[in-house]
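Colleague: Take this structure, written in structure tokens, and hold onto it; I'll ask about it next.
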Amino acid sequence: MNEPLLRIDDLHVDFATEHGKSHAVRGVSFHIQPGQTVALVGESGSGKSVTALSVLRLLPYPAASHPKGRILYGGQDLLSLDDHGIRAVRGNDISMIFQEPMSSLNPLHTVERQVSEALILHRGMRRSAARARTIELLTEVGIPDPASRLGDFPHQLSGGQRQRVMIAMALANEPKLLIADEPTTALDVTIQAQILELLMSLQKKRGMAILFITHDLQIVRRMAEITHVMTEGKIVESGPTEAIFANPQHSYTRKLLAAEPKGQPPATDASAPPIVSAEKLRVWFPIKRGLLRRTVGHIKAVDDVDVAIRRGETLGVVGESGSGKTTLGRALLRLVSSEGRIVYLGRDVDKLSWRAMRPLRKDMQIVFQDPFGSLSPRMAVAEIVAEGLSVHAPQLSPADRDARVAQALTEVGLDPADGSRYPHEFSGGQRQRIAIARAMVLEPKFVVLDEPTSALDMSVQAQVVDLLRELQRRHGLTYLFISHDLRVVRALANELMVMRGGKVVEHGPAADIFAAPKSEYTRALMAAAFRVEAAQSAEVAQ
Amino acid sequence: MHATLAGIRTPFVAFAPAEHARSAPRLSPINQRRLKIFNANKRGVWSLWIFLVLFIITMFAELIANDRPLVASYRGELLFPVVVNYPESKFGGFLAETIYRDPFIADEINANGWMIWPPIRYSYSTVDESLAGAVPSKPSWLQTVEERCGGYPLGPADPSCTIGNFHWLGTDDQGRDVMARLIYGFRISVLFGLILTVLSSIVGVGAGALQGYLGGWVDLTAQRVIEVWTSIPSLYLLLIISSVIAPSFWVLLGILLLFSWTALVGIVRAEFLRARNFEYVAAARALGVSNGRIMLAHLLPNAMVATLTFMPFILAGSVTTLTALDFLGFGLPVGSPSLGELLAQGKENLSAWWLGLTGFFTVSIILTLLVFIGEAVRDAFDPRKTFAGRA
């Protein structure tokens with residue numbers, strides 16, 4: 001066995017906080033062979049990103065410190081290197097790509113400048129040589145017609161293209177190790193598949209090693225040879241990926257693997273009356289140009305969509321970012337202005353004023369994606385949950401109101417005694433439960449769930465899905481479930497609607513669509529989402 | 001330690017919106033953390049305490065420096081000259097208002113009873129008629145007994161030659177006690193500054209909140225108006241206005257308010273613009289919560305951080321502005337105790353060093369204390385400081 005490319009020995013990372021030291025990483029050891037793909041898997045807060053950032057010493061020092069441990073690369077300890085030494089390693093021998101391609105590219109620099117910076121810095125290349133090399137790199141990462149994109153700024157590129165530019169930057173100096181910190185998490189599923197494809201082909205061609213940081217087990221299974229499972233700052237299980245998936249040893253790994261949202265939506269009554277429906281629903285945002293702000297065109301966020309949701313059923317709306325699924329949900333609740341008829345409980349509501357809508361809002365609620373953004377940080381949990389009651393049931397006495405709040409908190413699986421605490425004291429999953437309690441306390445009939453599980457860790461996702469299904473069964477709720485994640489939708493939706501570019505691509509009973517998708521786009525989405533099954537069946541076919 | 005907590009909490013709670021007041025018994029964890037950081041800044045805590053002590057003491061200026069006794073007993077009757085205006089006829093005189101410093105009245109009362117004077121027997125407008133030398137006269141503790149009491153009928157043996165009649169900081173060029181003027185002047189400056197700060201914060205926060213929340217044309221128009229308004233050289237305009245209108249306390253306050261409210265608009269507007277797109281605001285709208293309540297309960301607490309951080313600095317600025325106007329003679333009405341007027345006297349009478357030095361030290365101490373407090377408040381509200389070391 002030859003010398004590993006990178007060896008991490010007993011790495012510890014501490015962060016100084018006002019309550020003393022917090023130990024983010026406690027004794028992590030692993031190594032990476034040249035050309036190998038190693039994955040660090042774990043949920044948020046497990047210390048996987050901190051470990052990766054320690055390799056290039058990118059943590060916020062001096063708040064962060066390494067009380068123990070070594071990171072050996074090419075015979076030298078990266079942790080004890082001086083600033084000059086570590087700069088020679090960064091972006092040269094080891095480079096990194098990050099999660100958010102928009103914020104990791106400088107918005108004021110052109111594509112050419114971003115990519116050639118590393119070439120000029122580390123290689124001392126001349127501008128013309130750097131330009132030629134930049135075009136080569138962009139071709140390699142699959143940017144079509146790269147010469148014409150050199151002068152573009154990041155905002156002129158799509159999310160996938162930005163991530164490709166990031167990869168080109170990271171590859172500029174032919175690193176021996178590429179650290180990829182959740183490189184596809186912010187991307188749509190079909191784009192994710194393309195980027196992973198690209199990384200795999202680049203690795204094969206160049207023989208570089210990849211350290212892959214992710215929470216997504218599907219990606220690990222597809223990419224990595226060796227997997228390390230991390231939780232609470234420690235590696236709890238390591239081994240060849242296939243072995244871990246086939247025969248997980250540690251209880252945490254088993255929990256992670258078992259965390260996929262499962263189950264079937266409750267059966268519905270096909271003859272039930274629609275609770276909400278819309279005909280030719282349109283949300284167009286005008287594009288204004290010039291001095292007089294003349295409208296020159298429209299962004300058609302939702303374009304002539306017909307929708308009807310029967311009482312007690314769940315309509316899943318699936319689509320990638322920009323497909324108009326969120327706008328559709330908000331338009332049905334009359335939170336954005338729209339054209340077209342909206343019927344709610346047999347009543348036309350599309351012409352009602354904001355004030356006239358208010359009594360109806362008791363029956364229609366929404367749960368948002370980001371449980372960190374959707375709760376007011378300066379209100380106690382009980383106040384947040386009680387706010388809707390103070391609008392719609394002002395006649396309640398304080399004692400009755402507290403009782404309703406306590407009941408709602410209990411129903412979503414929280415302790416009513418937590419009502420006096422503030423949102424930031426809760427974990428992501430608990431916060432999403434608070435947001436659900438806020439909607440449920442009004443005893444609504446119709447709830448729009450706008451990606452309620454996307455910001456959560458996998459094991460928590462499954463719990464929230466179970467909770468939502470249980471609430472639906474108990475109260476006969478009607479859901480509009482918006483998601484990009486087909487796995488979650490499959491566990492909840494009776495009906496399925498696939499949207500793209502504001503239009504409906506496919507609409508029908510969920511079981512039928514999952515069994516036999518009719519449109520090309522739905523098939524692509526399915527392939528991306530259930531690619532493990534797809535890959536396995538392909539292997540079987542061989 | 002418990003007393004410290006209670007004392008320091010007051011300023012936060014005083015300006016906190018109603019939302020906080022409701023949950024006041026238990027400070028939110030965010031505020032507890034802020035309090036901790038504030039308390040860690042010893043300089044700021046000390047400054048706050050010194051400032052509060054000075055402020056509370058000077059609030060009772062009438063009981064400390066006054067030309068009337070606090071309590072007197074005359075022919076078996078208990079009198080409170082500090083609060084009640086007794087005509088001089090009561091003591092055998094003929095004026096509508098009793099001058100208790102008059103030796104005739106003083107002897108009359110002492111012969112038929114007693115009186116208790118405040119520690120300093122001068123008010124801000126009292127002219128000491130019994131000064132021996134030329135005005136402005138030196139601090140009494142730098143004079144010999146003869147110099148100090150030479151003006152009294154019996155000289156050093158006169159009963160008025162007591163420590164209560166000391167001029168601790170000398171007199172000004174009209175024979176008024178500087179110490180008494182300083183106490184009253186501190187009070188009026190700080191009160192003026194506080195009222196101006198609170199009023200301009202209310203107007204500024206309101207205007208910024210509306211602009212940020214409504215956005216669009218309201219925002220665009222108001223921003224342009226504010227730009228034009230702030231480009232007016234306000235000090236010159238103030239000079240012109242106060243030379244036309246007789247400047248009373250409230251008139252001056254109104255004029256200064258016309259220009260000072262713009263200080264907070266920009267920050268509050270930016271906070272509202274940022275926060276109105278937060279999902280919890282969308283969630284509140286989906287609940288059917290009214291715009292007014294969204295602004296008050298969900299958005300204002302965000303803006304309060306910026307506002308509270310700026311408040312001590314606005315207060316310092318207001319005190320400076322008033323002092324500057326008084327110095328130039330365009331401020332409070334003639335005869336009012338004011339720090340600016342004291343500084344102007346110091347400039348006129350360079351040989352009377354106690355005037356200039358007193359004015360200088362008072363103004364610089366007030367401003368230093370306020371800036372130190374402001375610094376500590378700013379640190380306390382700084383999220384980077386709060387979450388120092390978090391990745």
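Starting from 1 in every chain, residues are counted up; chains themselves are A, B, ... following the order of the structure tokens, and ligands are numbered from 1 as listed.
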Taking 4 positions as the minimum chain separation for residues in the same chain, which residues sit within 9 Å of region 192-207 of chain A when counting only C-alpha atoms? Answer as a PyMOL selection string.
Modeller: chain A and resi 34-37+140-142+160+163-164+167+174+176+183-188+219+222-223+528-529+531
Colleague: How would the residues just chosen look if you wrote them out with N, CA and C atoms as a PDB file, in the first residue's frame?
Modeller:
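Heads up, here's the output in again10.pdb:
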ATOM      1  N   PRO A  34      -4.386   8.531  -3.645  1.00  0.00           N
ATOM      2  CA  PRO A  34      -4.471   9.269  -4.915  1.00  0.00           C
ATOM      3  C   PRO A  34      -5.548   8.658  -5.807  1.00  0.00           C
ATOM      4  N   GLY A  35      -6.338   9.531  -6.400  1.00  0.00           N
ATOM      5  CA  GLY A  35      -7.334   9.069  -7.353  1.00  0.00           C
ATOM      6  C   GLY A  35      -8.583   8.475  -6.733  1.00  0.00           C
ATOM      7  N   GLN A  36      -8.680   8.512  -5.404  1.00  0.00           N
ATOM      8  CA  GLN A  36      -9.798   7.868  -4.734  1.00  0.00           C
ATOM      9  C   GLN A  36     -10.916   8.883  -4.449  1.00  0.00           C
ATOM     10  N   THR A  37     -12.162   8.413  -4.382  1.00  0.00           N
ATOM     11  CA  THR A  37     -13.246   9.282  -3.949  1.00  0.00           C
ATOM     12  C   THR A  37     -13.691   8.853  -2.563  1.00  0.00           C
ATOM     13  N   GLU A 140     -13.835  21.849 -21.040  1.00  0.00           N
ATOM     14  CA  GLU A 140     -13.765  20.603 -20.304  1.00  0.00           C
ATOM     15  C   GLU A 140     -14.933  20.417 -19.342  1.00  0.00           C
ATOM     16  N   VAL A 141     -15.370  21.517 -18.703  1.00  0.00           N
ATOM     17  CA  VAL A 141     -16.477  21.393 -17.753  1.00  0.00           C
ATOM     18  C   VAL A 141     -17.829  21.501 -18.449  1.00  0.00           C
ATOM     19  N   GLY A 142     -17.808  21.584 -19.784  1.00  0.00           N
ATOM     20  CA  GLY A 142     -19.065  21.495 -20.512  1.00  0.00           C
ATOM     21  C   GLY A 142     -19.841  22.781 -20.636  1.00  0.00           C
ATOM     22  N   GLY A 160     -26.534  25.835 -12.740  1.00  0.00           N
ATOM     23  CA  GLY A 160     -25.664  24.729 -13.137  1.00  0.00           C
ATOM     24  C   GLY A 160     -24.393  25.234 -13.803  1.00  0.00           C
ATOM     25  N   GLN A 163     -21.979  26.537 -11.258  1.00  0.00           N
ATOM     26  CA  GLN A 163     -21.258  25.467 -10.578  1.00  0.00           C
ATOM     27  C   GLN A 163     -20.171  24.907 -11.505  1.00  0.00           C
ATOM     28  N   ARG A 164     -20.439  24.880 -12.809  1.00  0.00           N
ATOM     29  CA  ARG A 164     -19.423  24.415 -13.754  1.00  0.00           C
ATOM     30  C   ARG A 164     -18.227  25.376 -13.769  1.00  0.00           C
ATOM     31  N   ILE A 167     -16.170  24.749 -10.820  1.00  0.00           N
ATOM     32  CA  ILE A 167     -15.345  23.544 -10.989  1.00  0.00           C
ATOM     33  C   ILE A 167     -14.148  23.863 -11.875  1.00  0.00           C
ATOM     34  N   GLU A 174      -4.787  21.939 -11.899  1.00  0.00           N
ATOM     35  CA  GLU A 174      -4.683  20.488 -11.847  1.00  0.00           C
ATOM     36  C   GLU A 174      -4.394  19.981 -10.438  1.00  0.00           C
ATOM     37  N   LYS A 176      -4.406  17.790  -7.038  1.00  0.00           N
ATOM     38  CA  LYS A 176      -4.369  16.352  -6.803  1.00  0.00           C
ATOM     39  C   LYS A 176      -5.555  15.925  -5.958  1.00  0.00           C
ATOM     40  N   PRO A 183     -21.614  20.047  -3.226  1.00  0.00           N
ATOM     41  CA  PRO A 183     -21.576  20.827  -4.466  1.00  0.00           C
ATOM     42  C   PRO A 183     -22.899  20.837  -5.220  1.00  0.00           C
ATOM     43  N   THR A 184     -23.810  19.939  -4.925  1.00  0.00           N
ATOM     44  CA  THR A 184     -25.037  19.880  -5.733  1.00  0.00           C
ATOM     45  C   THR A 184     -26.285  20.180  -4.926  1.00  0.00           C
ATOM     46  N   THR A 185     -26.121  20.501  -3.643  1.00  0.00           N
ATOM     47  CA  THR A 185     -27.301  20.648  -2.792  1.00  0.00           C
ATOM     48  C   THR A 185     -28.211  21.783  -3.250  1.00  0.00           C
ATOM     49  N   ALA A 186     -27.611  22.863  -3.767  1.00  0.00           N
ATOM     50  CA  ALA A 186     -28.417  24.013  -4.140  1.00  0.00           C
ATOM     51  C   ALA A 186     -28.969  23.896  -5.561  1.00  0.00           C
ATOM     52  N   LEU A 187     -28.735  22.785  -6.220  1.00  0.00           N
ATOM     53  CA  LEU A 187     -29.114  22.676  -7.632  1.00  0.00           C
ATOM     54  C   LEU A 187     -30.356  21.800  -7.807  1.00  0.00           C
ATOM     55  N   ASP A 188     -31.031  21.995  -8.948  1.00  0.00           N
ATOM     56  CA  ASP A 188     -32.176  21.153  -9.267  1.00  0.00           C
ATOM     57  C   ASP A 188     -31.724  19.723  -9.547  1.00  0.00           C
ATOM     58  N   ILE A 219     -26.207  10.352  -3.353  1.00  0.00           N
ATOM     59  CA  ILE A 219     -24.999  10.817  -4.032  1.00  0.00           C
ATOM     60  C   ILE A 219     -23.801   9.984  -3.593  1.00  0.00           C
ATOM     61  N   ARG A 222     -23.547   6.717  -5.207  1.00  0.00           N
ATOM     62  CA  ARG A 222     -23.213   6.775  -6.602  1.00  0.00           C
ATOM     63  C   ARG A 222     -21.751   7.130  -6.820  1.00  0.00           C
ATOM     64  N   MET A 223     -21.190   7.974  -5.951  1.00  0.00           N
ATOM     65  CA  MET A 223     -19.892   8.569  -6.229  1.00  0.00           C
ATOM     66  C   MET A 223     -18.736   7.869  -5.518  1.00  0.00           C
ATOM     67  N   ALA A 528     -33.549  11.213 -12.361  1.00  0.00           N
ATOM     68  CA  ALA A 528     -32.621  11.911 -11.482  1.00  0.00           C
ATOM     69  C   ALA A 528     -32.909  11.597 -10.021  1.00  0.00           C
ATOM     70  N   ALA A 529     -34.195  11.521  -9.666  1.00  0.00           N
ATOM     71  CA  ALA A 529     -34.551  11.337  -8.268  1.00  0.00           C
ATOM     72  C   ALA A 529     -34.316   9.902  -7.808  1.00  0.00           C
ATOM     73  N   ARG A 531     -32.305   7.677  -9.132  1.00  0.00           N
ATOM     74  CA  ARG A 531     -31.216   7.189  -9.986  1.00  0.00           C
ATOM     75  C   ARG A 531     -30.545   5.951  -9.420  1.00  0.00           C
TER      76      ARG A 531
END
Colleague: Can I get the residues of chain A within 6 Å of chain B, each with the closest pair of atoms and their distance in Å to one decimal, using only C-alpha atoms, sorted chain first then ascending number, as a Markdown table?
Modeller:
| residue | atom | partner | partner_atom | distance |
| --- | --- | --- | --- | --- |
| A:Phe15 | CA | B:Gly389 | CA | 5.7 |
| A:Ala16 | CA | B:Gly389 | CA | 5.1 |
| A:Thr17 | CA | B:Gly389 | CA | 5.6 |
| A:Ala63 | CA | B:Gly389 | CA | 4.2 |
| A:Arg358 | CA | B:Gly288 | CA | 5.1 |
| A:Arg361 | CA | B:Gly288 | CA | 5.9 |
| A:Gly373 | CA | B:Glu279 | CA | 5.4 |
| A:Ser374 | CA | B:Tyr280 | CA | 3.8 |
| A:Leu375 | CA | B:Tyr280 | CA | 5.0 |
| A:Ser376 | CA | B:Tyr280 | CA | 5.6 |
| A:Gly388 | CA | B:Leu287 | CA | 5.5 |
Colleague: Would you save the residues of that selection, restricted to C-alpha atoms, as a PDB file, in the first residue's frame?
Modeller:
ATOM      1  CA  PHE A  15     -14.827  26.977  18.619  1.00  0.00           C
ATOM      2  CA  ALA A  16     -14.719  29.677  21.251  1.00  0.00           C
ATOM      3  CA  THR A  17     -18.191  30.847  22.219  1.00  0.00           C
ATOM      4  CA  ALA A  63     -12.195  31.714  17.129  1.00  0.00           C
ATOM      5  CA  ARG A 358     -59.223  38.014   5.928  1.00  0.00           C
ATOM      6  CA  ARG A 361     -57.659  33.003   5.838  1.00  0.00           C
ATOM      7  CA  GLY A 373     -36.798  32.243   8.185  1.00  0.00           C
ATOM      8  CA  SER A 374     -40.486  31.670   8.729  1.00  0.00           C
ATOM      9  CA  LEU A 375     -40.550  32.210  12.496  1.00  0.00           C
ATOM     10  CA  SER A 376     -40.180  35.699  13.890  1.00  0.00           C
ATOM     11  CA  GLY A 388     -53.457  33.740  14.135  1.00  0.00           C
TER      12      GLY A 388
END
Colleague: Identify, with DSSP run on backbone atoms, the residues in region 140-264 of chain B assigned to helix (DSSP H, G or I), and express the list as an MDAnalysis selection string.
Modeller: chainID B and resid 140:142 145:149 155:157 163:165 178:214 216:230 234:244 249:260 262:264
Colleague: Emit the selected residues as a compact mmCIF listing (two decimals), in the first residue's frame, including C-alpha atoms.
Modeller:
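The resulting file, again.txt, is reproduced below:
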# COMPACT_ATOMS: atom_id res chain seq x y z
CA SER B 140 -14.68 80.92 47.55
CA TRP B 141 -12.20 78.28 48.69
CA LEU B 142 -9.41 80.21 46.97
CA VAL B 145 -12.25 84.89 54.92
CA GLU B 146 -11.96 88.67 54.53
CA GLU B 147 -12.25 88.54 50.79
CA ARG B 148 -15.12 86.10 50.98
CA CYS B 149 -17.22 87.80 53.63
CA GLY B 155 -17.72 91.02 57.80
CA PRO B 156 -16.36 87.59 58.79
CA ALA B 157 -18.48 87.66 61.97
CA ILE B 163 -20.33 77.31 53.93
CA GLY B 164 -23.85 77.47 52.44
CA ASN B 165 -22.97 80.79 50.86
CA VAL B 178 -21.53 79.06 38.65
CA MET B 179 -22.15 75.82 40.58
CA ALA B 180 -25.90 76.50 40.73
CA ARG B 181 -25.98 77.42 37.05
CA LEU B 182 -24.05 74.27 36.23
CA ILE B 183 -26.51 72.00 38.04
CA TYR B 184 -29.50 73.59 36.33
CA GLY B 185 -27.64 73.79 33.04
CA PHE B 186 -26.75 70.10 33.08
CA ARG B 187 -30.37 69.24 33.72
CA ILE B 188 -31.74 71.40 30.93
CA SER B 189 -29.12 70.19 28.44
CA VAL B 190 -29.70 66.52 29.14
CA LEU B 191 -33.49 66.87 29.24
CA PHE B 192 -33.42 68.81 26.01
CA GLY B 193 -31.20 66.17 24.45
CA LEU B 194 -33.35 63.30 25.69
CA ILE B 195 -36.62 64.80 24.50
CA LEU B 196 -35.10 65.70 21.15
CA THR B 197 -33.64 62.19 20.79
CA VAL B 198 -36.88 60.45 21.66
CA LEU B 199 -38.99 62.68 19.43
CA SER B 200 -36.65 62.47 16.47
CA SER B 201 -36.42 58.70 16.93
CA ILE B 202 -40.19 58.38 16.91
CA VAL B 203 -40.54 60.52 13.79
CA GLY B 204 -37.51 58.94 12.12
CA VAL B 205 -38.51 55.37 12.88
CA GLY B 206 -42.07 56.05 11.76
CA ALA B 207 -40.98 57.65 8.49
CA GLY B 208 -38.36 54.97 7.84
CA ALA B 209 -40.82 52.19 8.65
CA LEU B 210 -43.47 53.51 6.25
CA GLN B 211 -40.94 54.02 3.48
CA GLY B 212 -39.38 50.62 3.89
CA TYR B 213 -42.65 48.74 4.22
CA LEU B 214 -44.59 50.46 1.47
CA GLY B 216 -42.31 51.96 -4.45
CA TRP B 217 -43.37 55.53 -5.10
CA VAL B 218 -43.76 56.45 -1.44
CA ASP B 219 -40.20 55.39 -0.80
CA LEU B 220 -38.81 57.06 -3.92
CA THR B 221 -40.52 60.39 -3.27
CA ALA B 222 -39.72 60.48 0.44
CA GLN B 223 -36.09 59.61 -0.18
CA ARG B 224 -35.71 62.50 -2.63
CA VAL B 225 -37.45 64.90 -0.24
CA ILE B 226 -35.11 63.84 2.56
CA GLU B 227 -32.09 64.31 0.32
CA VAL B 228 -33.14 67.86 -0.50
CA TRP B 229 -34.05 68.54 3.12
CA THR B 230 -30.73 67.35 4.52
CA SER B 234 -29.30 73.53 9.06
CA LEU B 235 -27.14 75.56 11.42
CA TYR B 236 -27.47 78.71 9.32
CA LEU B 237 -31.19 78.20 8.99
CA LEU B 238 -31.40 77.76 12.75
CA LEU B 239 -29.55 81.01 13.27
CA ILE B 240 -31.96 82.81 10.96
CA ILE B 241 -35.09 81.28 12.49
CA SER B 242 -34.01 81.85 16.07
CA SER B 243 -33.23 85.48 15.33
CA VAL B 244 -36.84 85.92 14.11
CA PHE B 249 -37.27 75.70 25.12
CA TRP B 250 -40.07 74.16 23.08
CA VAL B 251 -39.63 76.41 20.03
CA LEU B 252 -35.95 75.51 19.91
CA LEU B 253 -36.83 71.85 20.32
CA GLY B 254 -39.25 72.07 17.41
CA ILE B 255 -36.74 73.79 15.15
CA LEU B 256 -34.01 71.27 15.90
CA LEU B 257 -36.47 68.42 15.44
CA LEU B 258 -37.15 69.61 11.89
CA PHE B 259 -33.65 68.53 10.97
CA SER B 260 -32.68 65.80 13.40
CA THR B 262 -33.68 62.28 9.30
CA ALA B 263 -30.78 60.64 11.16
CA LEU B 264 -32.53 57.32 11.68
Colleague: Taking only C-alpha atoms into account, name the residue in A:His122, A:Lys518, A:Arg487, A:Arg523 that is nearest to Met458 (chain A).
Modeller: A:Arg487
Colleague: Quick one: pull the distance between CA of Ser46 (chain A) and CA of Thr253 (chain A), Å, one decimal.
Modeller: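 Computing it gives 12.9 Å between the two atoms.
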Colleague: As an exercise, work out the distance from CA of Asn66 (chain B) to CA of Thr162 (chain B) in Å and give it to one decimal place.
Modeller: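 Pair CA of Asn66 (chain B) / CA of Thr162 (chain B) returns 15.3 Å.
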Colleague: Write out as a PyMOL selection string the residues lying within 10 Å of Leu339 (chain B), counting only C-alpha atoms and excluding same-chain residues fewer than 2 positions away.
Modeller: chain B and resi 181-186+188-189+319-320+322-324+326-327+336-337+341-345+358-360+362-363
Colleague: Please return, as a PDB file with C-alpha atoms, in the first residue's frame, all residues of region 358-414 of chain A that DSSP assigns to strand (DSSP E or B) on the basis of the backbone.
Modeller:
ATOM      1  CA  MET A 364     -56.396  28.345   4.342  1.00  0.00           C
ATOM      2  CA  GLN A 365     -52.904  28.183   5.706  1.00  0.00           C
ATOM      3  CA  ILE A 366     -49.347  27.884   4.445  1.00  0.00           C
ATOM      4  CA  VAL A 367     -46.179  26.259   5.793  1.00  0.00           C
TER       5      VAL A 367
END
Colleague: Between CA of Ile97 (chain A) and CA of Met166 (chain A), what distance in Å does the model show, to one decimal?
Modeller: 6.4 Å
Colleague: For Thr368 (chain B), list every protein, DNA or RNA residue within 12 Å, evaluated using only C-alpha atoms, and leave out those in the same chain fewer than 4 positions away; present the list as a list in words.
Modeller: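 The filter keeps Arg43, Gly44, Trp46, Ser47, Leu48, Ile50, Phe51, Pro312, Phe313, Leu315, Ala316, Gly317, Val319, Thr320, Phe360, Phe361, Thr362, Val363, Ser364, Phe372, Ile373, Gly374 and Glu375 of chain B.
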Colleague: Determine, using only C-alpha atoms, which residues of region 169-277 of chain A have any atom at most 10 Å from an atom of region 113-121 of chain A, and tabulate each with its shortest atom pair and distance in Å to one decimal place, rows ordered by chain and then rising number, as a tab-separated table.
Modeller:
residue	atom	partner	partner_atom	distance
A:Met169	CA	A:Val115	CA	4.7
A:Ala170	CA	A:Val115	CA	8.3
A:Leu171	CA	A:Val115	CA	9.2
A:Ala172	CA	A:Leu119	CA	6.4
A:Asn173	CA	A:Leu119	CA	6.6
Colleague: Which residue gives the smallest distance to Lys325 (chain A) among A:Phe98, A:Trp354, A:Tyr61, A:Phe481, with only C-alpha atoms counted?
Modeller: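 Nearest candidate to Lys325 (chain A) out of A:Phe98, A:Trp354, A:Tyr61, A:Phe481: A:Phe481.
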Colleague: Just checking: using only C-alpha atoms, which residue out of A:Pro444, A:Pro144, A:Pro394, A:Gly413 ends up closest to Gln472 (chain A)?
Modeller: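 Ranked by minimum distance to Gln472 (chain A), first place goes to A:Pro444.
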Colleague: Hey, which of A:Gly502, A:Ala64, A:Gly74, A:Gly42 ends up closest to Glu3 (chain A)? Count only C-alpha atoms.
Modeller: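 Residue with the minimum atom-to-atom distance to Glu3 (chain A): A:Gly74.
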